[in-house]
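Worksheet: one structure, shown below.
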Amino acid sequence: MLTLTPAHVTFAGQVWPDVAAISVDRRATREVVEWSDAGPHVAFADCPEQRIDITVTMHLTGRAHFDAPRPGQGGDLAFFPAPGGSDGGRIRISTQAVVLGIAHDLAGKKGALRTIRLIAVSPNGALDPISIDQV
Amino acid sequence: MSSFKSLDLFGSGPHRFSVGKRGELAVPAYVLGGSGSGSTILGPIELDVIITGRLIASTEANLWALRDAAAAQAGHPPSPGTLIDNHGRIWTSMTFLTYQEQDRTDRGRTVSIHYKATFRRLA
């Protein structure tokens, strides 16, 4: 999932301004793949351990920024994809997330970029951490 | 379909058969009180048939039913039976010796666990 210029991004109660993009990437960290005695092809596959990585890229404006989140900080991450100008049928995406890292890039043409890596956390290990709600 | 004593213990998921080491059981002579580097032949190695596979269920309770059914056949006292593999190969007088599961239950789209079951034709 990739959202460009999402509207009103919040994390742990704070508004994150000037967000350029949020990507939500899913992958299996443990794959179960089994073959049988019947032939050469996979007979069973499952992904019993997965992770959802979230990357938030934001433009930095102004001269000083001391407000970056810190690794290990947790909270609710929420944003609106804002597909068009209308408020009809808006979608809100939210998840519990923990910050894994923050990096800054000064090489961009539009000024500095801050990239925040987070990991989504399920409330109980079974429910999908990502909620998509019509608001 | 494989079976042990006509029971379909492992059919919930893919599983594979292998046969253990065959030949003579040779023990170093010094183990038996002798000296030197020679070996003493004790007789033919007992036949082992090993099944590795995965039990698969839709719920935790259903998986436990499969696990308990397999473990029950490996219980005490040993009770030999006929083992048949997925292609109809038959081994008679096999004892379900051990049933060993992997360290974790895998909970994804299904609930499953990997196992190793060892059968032996006891001398």
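Just so we're on the same page: first chain in the structure tokens is A, next is B, and so on; residues restart at 1 for each chain, and ligands are numbered from 1 in the order they show up.
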Applying 9 Å and only C-alpha atoms, which residues near Arg70 in chain A remain after dropping the ones on its own chain fewer than 3 positions away? List them as a count of residues only. 5
Could you pull out the strand (DSSP E or B) residues of chain B, going by DSSP on the backbone, and write them as a VMD selection string? chain B and resid 3 to 4 7 15 to 19 24 to 28 39 to 44 47 to 57 81 to 84 90 to 101 106 to 107 111 to 121
Hey, could you make a per-residue contact list for chain A against chain B with 6 Å as the cut-off, showing the nearest pair of atoms and its distance in Å to one decimal, counting only C-alpha atoms, sorted by chain and number, as JSON lines?
{"residue": "A:Ser36", "atom": "CA", "partner": "B:Pro14", "partner_atom": "CA", "distance": 4.7}
{"residue": "A:Asp37", "atom": "CA", "partner": "B:Arg16", "partner_atom": "CA", "distance": 5.3}
{"residue": "A:Cys47", "atom": "CA", "partner": "B:Gly108", "partner_atom": "CA", "distance": 5.5}
{"residue": "A:Pro48", "atom": "CA", "partner": "B:Gly108", "partner_atom": "CA", "distance": 4.0}
The selected residues should be written to file as a CSV table (one decimal), in the first residue's frame (atoms: N, CA and C atoms).
chain,number,residue,atom,x,y,z
A,36,SER,N,5.2,-33.1,-0.8
A,36,SER,CA,4.8,-34.5,-0.4
A,36,SER,C,5.5,-35.5,-1.2
A,37,ASP,N,5.1,-36.8,-1.0
A,37,ASP,CA,5.7,-37.9,-1.7
A,37,ASP,C,5.1,-38.0,-3.1
A,47,CYS,N,2.1,-18.7,5.8
A,47,CYS,CA,3.0,-17.6,6.3
A,47,CYS,C,2.6,-17.4,7.8
A,48,PRO,N,3.1,-18.2,8.7
A,48,PRO,CA,2.6,-18.1,10.1
A,48,PRO,C,3.3,-16.9,10.8
What parts of range 50-117 of chain B does DSSP call alpha helix (DSSP H)? I'd like the answer as a ChimeraX atom specification. /B:60-73
Name all residues at most 12 Å from range 3-12 of chain B (count only C-alpha atoms; drop same-chain ones fewer than 6 positions away) and give them as a ChimeraX atom specification. /A:36-37,43-44 /B:49,51-58,62-63,65-74,79-96,99,110-119
Go through B:Gln102, B:Ser2, B:Ser39, B:Thr59 one by one, measure the shortest atom-to-atom distance of each to Val27 in chain B using only C-alpha atoms, and give the residue with the smallest value.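 When distances to Val27 in chain B are compared using only C-alpha atoms, the smallest one comes from B:Ser39.
Here CA of Leu47 in chain B and CA of Tyr30 in chain B stand 25.7 Å from one another.
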For a quick check of understanding, using only C-alpha atoms, which of A:Arg90, A:His104, A:Arg117, A:His59 has the smallest distance to Val19 in chain A? A:His59
Would you kindly return, as a list in words, each protein, DNA or RNA residue with an atom no farther than 7 Å from any atom of Ile119 in chain A, considering only C-alpha atoms and excluding same-chain residues fewer than 6 positions away?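 Neighbouring residues, sequence-local ones excluded: Ile52, Asp53, Ile54, Ala97, Val98, Val99 and Leu100 of chain A.
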